[in-house]
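**Q** protein11.cif (mmCIF, C-alpha atoms) pasted underneath:
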```
data_upload
#
loop_
_atom_site.label_atom_id
_atom_site.label_comp_id
_atom_site.auth_asym_id
_atom_site.auth_seq_id
_atom_site.Cartn_x
_atom_site.Cartn_y
_atom_site.Cartn_z
CA MET P 1 42.90 -1.98 50.76
CA ASP P 2 46.05 0.11 51.33
CA PHE P 3 48.66 -0.77 48.70
CA ARG P 4 51.30 1.74 49.79
CA GLY P 5 54.64 -0.02 50.24
CA LYS P 6 53.15 -3.46 49.49
CA LYS P 7 55.32 -5.80 47.43
CA VAL P 8 53.11 -6.88 44.51
CA PHE P 9 53.88 -9.66 42.02
CA ILE P 10 52.15 -8.87 38.70
CA ILE P 11 51.76 -12.00 36.56
CA GLY P 12 51.57 -11.17 32.85
CA SER P 13 53.04 -8.33 30.81
CA GLY P 14 50.12 -7.79 28.43
CA LYS P 15 47.40 -5.10 28.59
CA SER P 16 45.99 -6.23 31.92
CA GLY P 17 49.39 -6.55 33.55
CA MET P 18 50.42 -3.10 32.37
CA GLY P 19 47.12 -1.67 33.59
CA ALA P 20 47.76 -3.21 37.01
CA LEU P 21 51.32 -1.85 37.02
CA SER P 22 50.12 1.68 36.22
CA ALA P 23 47.49 1.66 38.97
CA LEU P 24 49.77 0.10 41.59
CA CYS P 25 52.63 2.51 40.90
CA HIS P 26 50.21 5.41 41.37
CA VAL P 27 49.21 4.10 44.81
CA LYS P 28 52.89 3.64 45.75
CA ALA P 29 53.10 -0.16 45.70
CA VAL P 30 56.45 -1.83 45.01
CA CYS P 31 55.94 -3.91 41.87
CA THR P 32 57.59 -6.83 40.13
CA VAL P 33 56.35 -7.82 36.66
CA TYR P 34 56.60 -11.51 35.83
CA ASP P 35 56.20 -13.27 32.49
CA GLY P 36 56.72 -17.01 32.02
CA ASN P 37 57.59 -16.66 28.34
CA GLU P 38 61.35 -17.29 28.31
CA LYS P 39 61.57 -15.98 24.73
CA LEU P 40 60.97 -12.47 26.07
CA THR P 41 63.74 -10.19 27.27
CA GLU P 42 63.74 -7.85 30.23
CA GLU P 43 64.23 -4.96 27.82
CA GLY P 44 61.24 -6.13 25.77
CA VAL P 45 59.00 -6.32 28.84
CA ARG P 46 60.16 -2.90 30.07
CA SER P 47 59.31 -1.40 26.67
CA ARG P 48 55.66 -2.17 27.44
CA PHE P 49 55.66 -0.24 30.72
CA PRO P 50 53.39 2.84 30.88
CA GLU P 51 55.39 6.05 30.69
CA GLY P 52 57.00 6.97 34.00
CA MET P 53 56.39 3.56 35.61
CA ASP P 54 59.11 1.30 36.94
CA ALA P 55 59.28 -2.20 38.38
CA ASP P 56 61.54 -5.20 38.66
CA VAL P 57 61.16 -7.81 35.92
CA ILE P 58 61.35 -11.60 36.22
CA ILE P 59 61.17 -13.91 33.19
CA GLY P 60 60.88 -17.69 33.23
CA GLU P 61 61.23 -19.77 36.39
CA VAL P 62 60.99 -18.12 39.80
CA PRO P 63 61.98 -19.90 43.05
CA ASP P 64 59.69 -20.28 46.07
CA GLU P 65 61.90 -18.12 48.29
CA VAL P 66 61.35 -15.20 45.90
CA LEU P 67 57.57 -15.79 45.66
CA ALA P 68 57.27 -15.96 49.45
CA GLY P 69 58.57 -12.38 49.71
CA PHE P 70 55.48 -10.84 48.08
CA ASP P 71 52.48 -9.41 49.94
CA LEU P 72 50.11 -9.86 47.00
CA ALA P 73 49.94 -11.31 43.49
CA VAL P 74 47.79 -9.88 40.67
CA ILE P 75 47.01 -12.21 37.77
CA SER P 76 45.99 -11.36 34.23
CA PRO P 77 42.88 -13.07 32.73
CA GLY P 78 45.01 -15.41 30.63
CA VAL P 79 46.43 -17.03 33.77
CA PRO P 80 44.15 -19.84 35.09
CA ILE P 81 43.61 -19.93 38.85
CA ASP P 82 44.66 -23.59 38.83
CA SER P 83 47.95 -22.93 37.05
CA PRO P 84 51.06 -24.28 38.84
CA LEU P 85 52.39 -20.79 39.59
CA VAL P 86 49.13 -19.61 41.16
CA LEU P 87 48.88 -22.80 43.23
CA ARG P 88 52.46 -22.28 44.42
CA LEU P 89 51.63 -18.73 45.50
CA LYS P 90 48.57 -19.87 47.41
CA GLY P 91 50.62 -22.63 49.03
CA LEU P 92 53.02 -19.92 50.25
CA ASP P 93 50.05 -17.93 51.67
CA VAL P 94 50.47 -15.11 49.15
CA PRO P 95 46.99 -13.66 48.40
CA VAL P 96 46.10 -13.81 44.68
CA ILE P 97 43.61 -11.45 43.02
CA GLY P 98 42.73 -10.67 39.41
CA GLU P 99 43.27 -7.40 37.56
CA VAL P 100 39.50 -6.77 37.60
CA GLU P 101 39.37 -7.25 41.36
CA LEU P 102 42.23 -4.75 41.73
CA GLY P 103 40.36 -2.27 39.55
CA PHE P 104 37.26 -2.65 41.71
CA GLU P 105 39.28 -2.11 44.90
CA LEU P 106 40.67 1.16 43.53
CA ALA P 107 37.56 2.55 41.80
CA LYS P 108 34.77 4.81 43.07
CA GLY P 109 31.17 5.32 41.97
CA ARG P 110 28.70 2.82 40.59
CA LEU P 111 29.57 -0.25 38.53
CA ILE P 112 27.69 -2.17 35.84
CA GLY P 113 29.17 -5.63 35.24
CA ILE P 114 28.16 -7.56 32.11
CA THR P 115 29.01 -11.18 31.33
CA GLY P 116 27.64 -14.04 29.23
CA THR P 117 28.88 -16.39 26.56
CA ASN P 118 27.74 -14.16 23.70
CA GLY P 119 26.63 -10.56 23.27
CA LYS P 120 28.90 -9.06 25.94
CA THR P 121 30.71 -6.56 23.75
CA THR P 122 27.65 -5.22 21.95
CA THR P 123 25.65 -4.96 25.18
CA THR P 124 28.55 -3.35 27.05
CA THR P 125 29.17 -0.82 24.26
CA LEU P 126 25.47 0.06 24.04
CA ALA P 127 25.04 0.26 27.82
CA GLY P 128 28.16 2.40 28.02
CA GLN P 129 26.75 4.79 25.42
CA MET P 130 23.42 4.89 27.29
CA MET P 131 25.26 5.92 30.45
CA ALA P 132 27.46 8.45 28.61
CA ASP P 133 24.38 10.06 27.05
CA TYR P 134 22.90 10.67 30.51
CA PHE P 135 25.69 10.81 33.12
CA SER P 136 28.69 13.16 33.04
CA SER P 137 31.44 10.72 34.15
CA VAL P 138 31.37 7.30 32.45
CA PHE P 139 34.08 4.69 31.83
CA VAL P 140 33.83 1.52 29.71
CA VAL P 141 36.35 -1.13 30.75
CA GLY P 142 37.24 -4.79 31.04
CA ASN P 143 37.27 -7.54 28.45
CA ILE P 144 36.26 -4.99 25.81
CA GLY P 145 39.97 -4.09 25.58
CA ASN P 146 40.41 -1.31 28.14
CA PRO P 147 41.77 -2.66 31.46
CA TYR P 148 39.72 -1.64 34.51
CA THR P 149 42.93 -0.66 36.30
CA LEU P 150 43.77 1.97 33.67
CA GLU P 151 40.58 3.90 34.49
CA ALA P 152 39.90 3.05 38.15
CA LEU P 153 41.86 5.94 39.67
CA LYS P 154 40.09 8.43 37.38
CA THR P 155 36.66 7.57 38.80
CA THR P 156 34.78 9.65 41.38
CA ASP P 157 31.78 9.02 43.59
CA GLU P 158 29.60 10.31 40.72
CA SER P 159 31.13 8.02 38.07
CA VAL P 160 29.46 5.10 36.35
CA THR P 161 31.76 2.33 35.12
CA VAL P 162 30.48 -0.22 32.60
CA ALA P 163 32.58 -3.38 32.56
CA GLU P 164 32.56 -6.32 30.16
CA ILE P 165 33.68 -9.26 32.31
CA SER P 166 34.81 -12.61 30.87
CA SER P 167 34.74 -15.97 32.63
CA PHE P 168 38.55 -15.80 32.80
CA GLN P 169 38.26 -12.56 34.77
CA LEU P 170 35.49 -13.86 37.02
CA GLU P 171 37.61 -16.79 38.24
CA SER P 172 39.52 -14.48 40.56
CA VAL P 173 36.90 -12.01 41.86
CA GLU P 174 36.13 -11.87 45.58
CA SER P 175 34.74 -8.52 46.78
CA PHE P 176 33.71 -7.41 43.25
CA CYS P 177 30.15 -6.03 43.50
CA PRO P 178 28.29 -4.30 40.64
CA THR P 179 25.33 -2.03 41.26
CA VAL P 180 23.78 -3.80 38.25
CA SER P 181 25.11 -7.10 36.92
CA ALA P 182 24.00 -8.95 33.80
CA ILE P 183 24.40 -12.56 32.68
CA LEU P 184 23.22 -12.50 29.08
CA ASN P 185 23.36 -16.26 28.39
CA VAL P 186 25.41 -19.34 29.22
CA THR P 187 26.20 -21.80 26.41
CA PRO P 188 29.22 -24.12 25.90
CA ASP P 189 32.51 -22.25 25.56
CA HIS P 190 36.05 -22.29 26.98
CA LEU P 191 35.64 -25.87 28.18
CA ASN P 192 39.36 -26.36 27.58
CA ARG P 193 39.86 -24.03 30.57
CA HIS P 194 36.78 -24.61 32.74
CA TYR P 195 36.51 -28.36 31.97
CA THR P 196 32.73 -28.77 32.48
CA MET P 197 29.59 -26.74 31.78
CA GLU P 198 28.82 -26.80 35.51
CA ASN P 199 32.16 -25.15 36.28
CA TYR P 200 31.72 -22.64 33.46
CA ALA P 201 28.21 -21.66 34.59
CA ALA P 202 29.35 -21.36 38.21
CA VAL P 203 32.16 -19.00 37.15
CA LYS P 204 29.68 -16.80 35.27
CA GLU P 205 27.48 -16.63 38.37
CA ARG P 206 30.39 -15.17 40.34
CA ILE P 207 29.60 -11.76 38.87
CA THR P 208 26.84 -11.55 41.51
CA ARG P 209 29.09 -12.80 44.32
CA GLY P 210 29.08 -9.54 46.28
CA GLN P 211 25.51 -8.46 45.47
CA THR P 212 22.42 -8.38 47.70
CA LYS P 213 18.75 -7.78 46.95
CA GLN P 214 19.54 -4.06 46.96
CA GLU P 215 21.35 -4.57 43.64
CA TYR P 216 20.00 -5.89 40.32
CA CYS P 217 20.98 -8.75 38.04
CA VAL P 218 19.71 -8.67 34.44
CA LEU P 219 19.06 -12.21 33.16
CA ASN P 220 17.89 -13.90 29.96
CA TYR P 221 14.64 -15.72 30.70
CA GLU P 222 15.04 -17.88 27.59
CA ASN P 223 18.38 -19.38 28.62
CA ASP P 224 18.03 -22.43 30.87
CA TYR P 225 21.09 -21.62 32.96
CA THR P 226 20.30 -17.96 33.61
CA ARG P 227 16.61 -18.58 34.31
CA ASP P 228 17.43 -21.35 36.80
CA PHE P 229 20.01 -19.10 38.45
CA GLY P 230 17.55 -16.23 38.76
CA GLU P 231 14.83 -18.43 40.21
CA ASN P 232 16.98 -20.37 42.67
CA ARG P 233 20.38 -18.89 43.54
CA CYS P 234 20.70 -15.24 42.51
CA PRO P 235 21.59 -13.04 45.52
CA ALA P 236 20.53 -9.87 43.66
CA THR P 237 17.05 -8.83 42.51
CA PRO P 238 16.50 -10.45 39.07
CA MET P 239 15.42 -8.33 36.09
CA TYR P 240 14.54 -10.56 33.13
CA PHE P 241 14.41 -10.00 29.39
CA SER P 242 12.76 -12.41 26.94
CA SER P 243 12.68 -12.83 23.17
CA LYS P 244 9.93 -15.46 23.22
CA ARG P 245 7.23 -14.60 25.75
CA GLU P 246 5.47 -11.77 27.52
CA LEU P 247 6.79 -11.06 31.00
CA GLU P 248 4.86 -9.68 33.95
CA GLU P 249 7.98 -7.78 34.99
CA GLY P 250 10.92 -7.04 32.71
CA VAL P 251 11.67 -6.35 29.03
CA TYR P 252 10.29 -8.56 26.27
CA TYR P 253 9.92 -8.85 22.49
CA LYS P 254 6.66 -9.51 20.64
CA ASP P 255 5.69 -9.03 16.99
CA GLY P 256 8.45 -6.62 16.08
CA MET P 257 8.16 -4.52 19.23
CA ILE P 258 10.12 -4.37 22.48
CA TYR P 259 7.92 -3.87 25.54
CA ILE P 260 8.64 -2.88 29.12
CA ALA P 261 6.54 -4.57 31.78
CA TRP P 262 6.61 -2.69 35.08
CA ASN P 263 4.23 -2.59 38.04
CA GLY P 264 1.68 -4.73 36.23
CA LYS P 265 1.59 -2.58 33.09
CA SER P 266 3.16 -3.29 29.66
CA THR P 267 4.30 -0.37 27.53
CA PRO P 268 5.64 -0.58 23.93
CA ALA P 269 9.11 0.97 23.95
CA LEU P 270 10.51 0.63 20.42
CA ASP P 271 10.02 -0.92 17.00
CA ILE P 272 13.00 -3.11 16.05
CA HIS P 273 12.57 -2.24 12.36
CA THR P 274 12.54 1.54 12.68
CA ASP P 275 14.31 2.20 15.99
CA MET P 276 17.27 -0.20 15.63
CA ASN P 277 20.24 -0.26 13.24
CA LEU P 278 21.33 -3.76 14.37
CA VAL P 279 20.29 -6.99 12.65
CA GLY P 280 19.40 -10.42 14.03
CA MET P 281 17.46 -11.66 17.06
CA CYS P 282 20.74 -11.85 18.99
CA ASN P 283 20.93 -8.06 18.75
CA VAL P 284 17.30 -7.68 19.80
CA GLU P 285 18.31 -9.56 22.95
CA ASN P 286 21.38 -7.36 23.39
CA VAL P 287 19.24 -4.23 23.09
CA MET P 288 16.72 -5.60 25.60
CA ALA P 289 19.51 -6.40 28.05
CA ALA P 290 21.00 -2.92 27.73
CA LEU P 291 17.53 -1.39 28.08
CA ALA P 292 16.97 -3.38 31.28
CA ILE P 293 20.35 -2.25 32.63
CA GLY P 294 19.49 1.38 31.86
CA LEU P 295 16.15 1.10 33.64
CA CYS P 296 17.85 -0.43 36.70
CA MET P 297 20.21 2.58 36.68
CA ASP P 298 17.19 4.94 36.65
CA VAL P 299 18.01 6.42 33.24
CA PRO P 300 14.84 7.89 31.67
CA LEU P 301 13.30 5.70 28.96
CA LYS P 302 13.30 8.58 26.47
CA SER P 303 17.08 8.88 26.77
CA LEU P 304 17.60 5.12 26.44
CA ILE P 305 15.51 4.90 23.27
CA GLN P 306 17.34 7.84 21.68
CA THR P 307 20.67 6.10 22.30
CA ILE P 308 19.39 2.88 20.72
CA ARG P 309 18.20 4.77 17.64
CA ASN P 310 21.68 6.26 17.13
CA PHE P 311 23.64 3.05 17.85
CA HIS P 312 25.35 1.01 15.12
CA ALA P 313 26.89 -2.47 15.06
CA VAL P 314 30.02 -3.19 17.04
CA GLU P 315 33.05 -3.97 14.88
CA HIS P 316 33.48 -7.71 14.12
CA ARG P 317 29.93 -8.65 15.23
CA ILE P 318 27.66 -9.23 12.20
CA GLU P 319 29.29 -6.09 10.83
CA TYR P 320 28.28 -5.14 7.29
CA VAL P 321 31.49 -4.48 5.36
CA ALA P 322 30.56 -3.75 1.74
CA ALA P 323 28.70 -4.92 -1.35
CA LYS P 324 31.01 -6.02 -4.17
CA GLY P 325 29.65 -7.31 -7.46
CA GLY P 326 26.18 -7.67 -5.93
CA VAL P 327 27.57 -9.76 -3.04
CA ASP P 328 27.15 -8.57 0.57
CA TYR P 329 30.12 -9.20 2.89
CA TYR P 330 29.70 -9.50 6.67
CA ASN P 331 32.44 -9.62 9.32
CA ASP P 332 31.35 -11.72 12.30
CA SER P 333 34.87 -12.60 13.43
CA LYS P 334 33.84 -12.22 17.08
CA ALA P 335 31.74 -15.38 16.71
CA THR P 336 34.40 -17.51 18.40
CA ASN P 337 32.04 -20.30 19.47
CA PRO P 338 29.19 -22.19 17.75
CA ASP P 339 26.38 -20.44 19.63
CA ALA P 340 27.61 -17.00 18.52
CA ALA P 341 28.04 -18.28 14.95
CA ILE P 342 24.46 -19.56 14.98
CA GLN P 343 23.29 -15.98 15.53
CA GLY P 344 25.32 -14.86 12.53
CA ILE P 345 23.64 -17.45 10.29
CA LEU P 346 20.18 -16.59 11.61
CA ALA P 347 20.80 -12.94 10.71
CA MET P 348 21.44 -13.79 7.04
CA SER P 349 18.59 -13.49 4.54
CA LYS P 350 20.52 -14.49 1.36
CA PRO P 351 22.29 -17.64 0.10
CA THR P 352 25.48 -17.57 2.14
CA ILE P 353 29.09 -18.63 1.66
CA LEU P 354 30.33 -19.20 5.20
CA ILE P 355 33.89 -19.16 6.55
CA GLY P 356 34.39 -21.47 9.55
CA GLY P 357 37.15 -23.02 11.62
CA GLY P 358 40.10 -22.04 13.74
CA TYR P 359 41.45 -22.97 17.16
CA ASP P 360 39.86 -25.93 18.98
CA LYS P 361 38.16 -24.93 22.27
CA GLN P 362 36.58 -28.41 22.56
CA SER P 363 33.24 -27.18 21.23
CA GLY P 364 30.63 -29.28 19.44
CA TYR P 365 29.19 -28.15 16.10
CA ASP P 366 25.92 -30.10 15.71
CA GLU P 367 23.62 -27.20 16.63
CA TRP P 368 25.56 -24.93 14.27
CA PHE P 369 24.83 -27.22 11.29
CA GLU P 370 21.21 -27.56 12.40
CA ALA P 371 20.92 -23.76 12.15
CA PHE P 372 22.07 -23.63 8.52
CA GLY P 373 18.47 -24.13 7.37
CA GLY P 374 19.37 -24.34 3.68
CA LYS P 375 21.03 -20.90 3.74
CA VAL P 376 24.64 -22.06 3.46
CA LYS P 377 25.58 -22.82 -0.15
CA LEU P 378 29.26 -23.36 0.63
CA LEU P 379 31.29 -23.74 3.83
CA VAL P 380 34.99 -22.88 3.55
CA LEU P 381 36.95 -24.45 6.43
CA ILE P 382 40.28 -23.26 7.81
CA GLY P 383 42.48 -23.88 10.83
CA GLN P 384 42.96 -26.58 13.43
CA THR P 385 39.27 -27.56 13.62
CA ARG P 386 38.56 -28.00 9.92
CA GLU P 387 38.68 -31.83 9.98
CA LYS P 388 36.55 -31.97 13.13
CA ILE P 389 33.95 -29.65 11.59
CA ALA P 390 34.00 -31.61 8.32
CA ASP P 391 33.26 -34.83 10.25
CA CYS P 392 30.29 -33.10 11.86
CA ALA P 393 29.14 -31.87 8.44
CA LYS P 394 29.12 -35.44 7.14
CA ARG P 395 27.00 -36.60 10.07
CA HIS P 396 24.45 -33.95 9.13
CA GLY P 397 24.49 -34.83 5.44
CA PHE P 398 26.11 -31.52 4.52
CA ASP P 399 28.75 -32.00 1.81
CA HIS P 400 29.08 -28.48 0.43
CA TYR P 401 32.39 -27.73 2.11
CA VAL P 402 35.98 -27.23 1.03
CA PHE P 403 39.29 -26.84 2.87
CA ALA P 404 41.62 -23.86 2.58
CA ASP P 405 45.23 -23.96 3.75
CA SER P 406 45.48 -20.22 4.36
CA PHE P 407 43.18 -17.29 4.99
CA GLU P 408 44.15 -15.82 1.62
CA GLU P 409 43.16 -19.03 -0.16
CA CYS P 410 39.92 -19.11 1.81
CA LEU P 411 38.96 -15.57 0.76
CA LYS P 412 39.81 -16.31 -2.86
CA ILE P 413 37.53 -19.38 -2.81
CA CYS P 414 34.71 -17.27 -1.38
CA THR P 415 34.92 -14.55 -4.03
CA GLU P 416 35.26 -17.07 -6.86
CA ASN P 417 32.10 -18.91 -5.77
CA ALA P 418 29.94 -15.92 -4.76
CA GLU P 419 27.30 -14.73 -7.20
CA ALA P 420 25.21 -11.56 -7.27
CA GLY P 421 22.52 -11.88 -4.61
CA ASP P 422 24.71 -13.96 -2.26
CA ALA P 423 26.31 -13.07 1.06
CA VAL P 424 29.79 -13.98 2.30
CA LEU P 425 29.93 -14.35 6.06
CA LEU P 426 33.05 -14.67 8.21
CA SER P 427 31.56 -16.33 11.30
CA PRO P 428 34.09 -19.02 12.24
CA ALA P 429 32.55 -20.60 15.41
CA CYS P 430 36.14 -20.93 16.66
CA ALA P 431 38.86 -18.81 18.23
CA SER P 432 41.54 -17.36 15.98
CA TRP P 433 44.70 -18.52 17.77
CA GLY P 434 47.24 -20.26 15.59
CA MET P 435 46.43 -18.20 12.50
CA PHE P 436 45.91 -14.74 14.04
CA SER P 437 46.77 -12.96 17.28
CA ASP P 438 43.06 -12.45 18.02
CA TYR P 439 39.62 -12.26 16.40
CA GLU P 440 40.16 -8.54 15.71
CA GLU P 441 43.15 -9.20 13.46
CA ARG P 442 41.15 -11.89 11.66
CA GLY P 443 38.27 -9.48 11.11
CA ARG P 444 40.52 -6.64 9.96
CA GLN P 445 42.22 -8.85 7.37
CA PHE P 446 38.82 -9.93 6.09
CA LYS P 447 37.66 -6.33 5.74
CA GLU P 448 40.88 -5.22 4.06
CA TYR P 449 40.49 -7.99 1.50
CA VAL P 450 36.85 -7.16 0.81
CA ARG P 451 37.52 -3.46 0.39
CA SER P 452 40.34 -4.20 -2.04
CA LEU P 453 38.04 -6.16 -4.39
#
```
Starting from the coordinates I provided, produce the structure as structure tokens.
**A**
Amino acid sequence: MDFRGKKVFIIGSGKSGMGALSALCHVKAVCTVYDGNEKLTEEGVRSRFPEGMDADVIIGEVPDEVLAGFDLAVISPGVPIDSPLVLRLKGLDVPVIGEVELGFELAKGRLIGITGTNGKTTTTTLAGQMMADYFSSVFVVGNIGNPYTLEALKTTDESVTVAEISSFQLESVESFCPTVSAILNVTPDHLNRHYTMENYAAVKERITRGQTKQEYCVLNYENDYTRDFGENRCPATPMYFSSKRELEEGVYYKDGMIYIAWNGKSTPALDIHTDMNLVGMCNVENVMAALAIGLCMDVPLKSLIQTIRNFHAVEHRIEYVAAKGGVDYYNDSKATNPDAAIQGILAMSKPTILIGGGYDKQSGYDEWFEAFGGKVKLLVLIGQTREKIADCAKRHGFDHYVFADSFEECLKICTENAEAGDAVLLSPACASWGMFSDYEERGRQFKEYVRSL
């Protein structure tokens, strides 16, 4: 697509919007940045612009006659495709694409696209390191915090780009086509945006939209949605990984070892106790997914295993913080839904004081309580969902919970009740909005408190 001289309406002035602005200015498009937050000022929005970039700014309401004058609109992930503004643009025949789609249009080389409800960041970071340890030009982008559009114009035909792609980003992809895609799992999340599990699963599947059998899709054989997709609808060649059974083709776990099954032969690849620094079966699955991606990219197994041996936990994902007074503290702030929080609990081997609660994404918590397995000695609840979670606790006969009105009070309760030999786990099963700007801020505050003890 030739963007030179095109009038582009960029919706959103956050990271993704600024990434889109930077890329579009470089290809000589004529840009207008829009933000619907009327509390912002034009000066405030302009202060976010990348150095040397310029564009018109519109804040608040925008009339149809102005919208109709644009050749293209680029939306940030936080803007739903069924939002009134996007529907107005489409009604005026203005094409609408996402920031990730724009990045793909501008980039060169091969692309690895990774999605799933949980495990995306760890798998993307590990896969990115695997590529960087073997290829000379590698970029890690997307939902991981580095907009695709900020790196796209730096890529060459020899580059490998590893992209973490969220369901919000997948809503607006069209021509997007990874060399290797991965759908790690699909479990309930973001139903306040996607409405139903069927819609949510269908959005995740869009990562393969442009693929053919010449490309690969790495899938979790033990997840009902991804297995069904691989067996019935996947346009790419499936490559499975499994934590529960031996596979004839793919990567699987058995008795502490990860095996690779290829051309009818199974080969032990690594011992999870001696070759991995990550804890929990969720991370065994993440390692298997990354290993499968690396194999699909023709990276030698020896190189992949060496990367795994040197790799440590991603920040905010079952991250060991410190031991204080004989108590181990773990930061799992990235567990923003019950399924992710289940993995955090399963990784604990000590009596655990658990911090839960936050913003309500319309999740259910029954399976979370079922996973406690006698490990949780106290649940400290915060945020918008605390009453909802407490009601679920009562249904499961779990009465060892207390409410905290602030994060500071919550952390004080945890330290006062923790004894030597316990663990304190921040694994909220909810998003952070309302109390924090994002899960990273929540995790950082937790770690700062722990280190100050």
**Q** Please enumerate the residues selected by the PyMOL selection byres ((chain P and resi 239) around 7) when evaluated against the supplied file, formatted as a PyMOL selection string.
**A** chain P and resi 216-219+237-238+240-241+250
**Q** One decimal, Å: what's the distance from atom CA of Ala341 of chain P over to atom CA of Ala323 of chain P, could you say?
**A**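 It comes out at 21.1 Å.
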**Q** Quick one: apply the PyMOL selection byres ((chain P and resi 168) around 10) to the file and drop the selected residues here as a compact mmCIF listing (two decimals) with C-alpha atoms, keeping the file's coordinate frame.
**A**
```
# COMPACT_ATOMS: atom_id res chain seq x y z
CA SER P 76 45.99 -11.36 34.23
CA PRO P 77 42.88 -13.07 32.73
CA GLY P 78 45.01 -15.41 30.63
CA VAL P 79 46.43 -17.03 33.77
CA PRO P 80 44.15 -19.84 35.09
CA ILE P 81 43.61 -19.93 38.85
CA GLY P 98 42.73 -10.67 39.41
CA ASN P 143 37.27 -7.54 28.45
CA ILE P 165 33.68 -9.26 32.31
CA SER P 166 34.81 -12.61 30.87
CA SER P 167 34.74 -15.97 32.63
CA GLN P 169 38.26 -12.56 34.77
CA LEU P 170 35.49 -13.86 37.02
CA GLU P 171 37.61 -16.79 38.24
CA SER P 172 39.52 -14.48 40.56
CA VAL P 173 36.90 -12.01 41.86
CA HIS P 190 36.05 -22.29 26.98
CA ARG P 193 39.86 -24.03 30.57
CA HIS P 194 36.78 -24.61 32.74
CA TYR P 200 31.72 -22.64 33.46
CA VAL P 203 32.16 -19.00 37.15
CA LYS P 204 29.68 -16.80 35.27
```
**Q** Take the PyMOL selection byres ((chain P and resi 15-26) around 9), run it mentally on this structure, and tell me the resulting residues as a ChimeraX atom specification.
**A** /P:3-4,8,10-14,27-33,48-55,74-77,99-100,102-103,106,142,145-153
**Q** Please provide the set of residues having any atom within 7 Å of Ala261 of chain P, restricted to only C-alpha atoms, with same-chain residues fewer than 2 positions apart removed, written as a list of chain:residue names.
**A**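 Skipping anything fewer than 2 positions along the chain leaves P:Leu247, P:Glu248, P:Glu249, P:Gly250, P:Val251, P:Tyr259, P:Asn263, P:Gly264, P:Lys265, P:Ser266, P:Thr267.
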**Q** Using all atoms listed in the file, collect all residues at a distance of at most 8 Å from (58.3, -12.0, 31.4) as written in the file, then present them as a list in words.
**A**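 So the residues meeting the distance criterion are Gly12, Ser13, Val33, Tyr34, Asp35, Gly36, Asn37, Glu38, Leu40, Thr41, Glu42, Val45, Val57, Ile58, Ile59 and Gly60 of chain P.
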**Q** If you count all atoms listed in the file, which residues fall within 8 Å of Glu105 of chain P, apart from same-chain ones fewer than 4 positions away, as a list in words?
**A** Met1, Glu101 and Phe176 of chain P
**Q** Identify, on the basis of only C-alpha atoms, every residue whose closest approach to Tyr134 of chain P does not exceed 8 Å; exclude the query and any residue fewer than 2 positions from it along the same chain; express the result as a list of chain:residue names.
**A**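 Contacts, with the query itself left out: P:Met130, P:Met131, P:Ala132, P:Ser136, P:Val299, P:Ser303.
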**Q** Could you state the separation of atom CA of Lys412 of chain P and atom CA of Ile318 of chain P in Å, given to one decimal place?
**A**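 It comes out at 20.6 Å.
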**Q** Nearest residue to Thr115 of chain P out of P:Phe70, P:Arg442, P:Ser432, P:Pro178, using only C-alpha atoms?
**A**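 Using only C-alpha atoms, the shortest distance to Thr115 of chain P belongs to P:Pro178.
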**Q** Choose the residue, out of P:Ile353, P:Cys296, P:Ala371, P:Glu448, that has the smallest atom-to-atom separation from Val402 of chain P; count all atoms listed in the file.
**A**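 Going through P:Ile353, P:Cys296, P:Ala371, P:Glu448 one by one, the smallest distance to Val402 of chain P is for P:Ile353.
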**Q** By how many Å are atom CA of Gly256 of chain P and atom CA of Ser349 of chain P apart?
**A**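 Atom CA of Gly256 of chain P sits 16.8 Å away from atom CA of Ser349 of chain P.
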**Q** List as a list in words the protein and nucleic acid residues near Val450 of chain P, meaning an atom at most 8 Å away when all atoms listed in the file are counted, but skip any in the same chain fewer than 3 places from it.
**A**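 With the cut-off at 8 Å, the set is Val321, Ala322, Lys324, Tyr329, Phe446, Lys447 and Leu453 of chain P.
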**Q** Ranking P:Thr117, P:Thr161, P:Thr415, P:Ser242 by minimum distance to Val284 of chain P and counting all atoms listed in the file, which one comes first?
**A**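 Looking at the shortest contact to Val284 of chain P, the residue is P:Ser242.
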**Q** Restricting the calculation to only C-alpha atoms: of P:Tyr252, P:Trp262, P:Leu111, P:Gly364, which residue gets closest to Ile207 of chain P?
**A**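 For Ile207 of chain P, the nearest of the candidates is P:Leu111.
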**Q** Which residue out of P:Val160, P:Asp133, P:Thr179, P:Cys282 has the minimum interatomic distance to Gln306 of chain P when all atoms listed in the file are used?
**A** P:Asp133
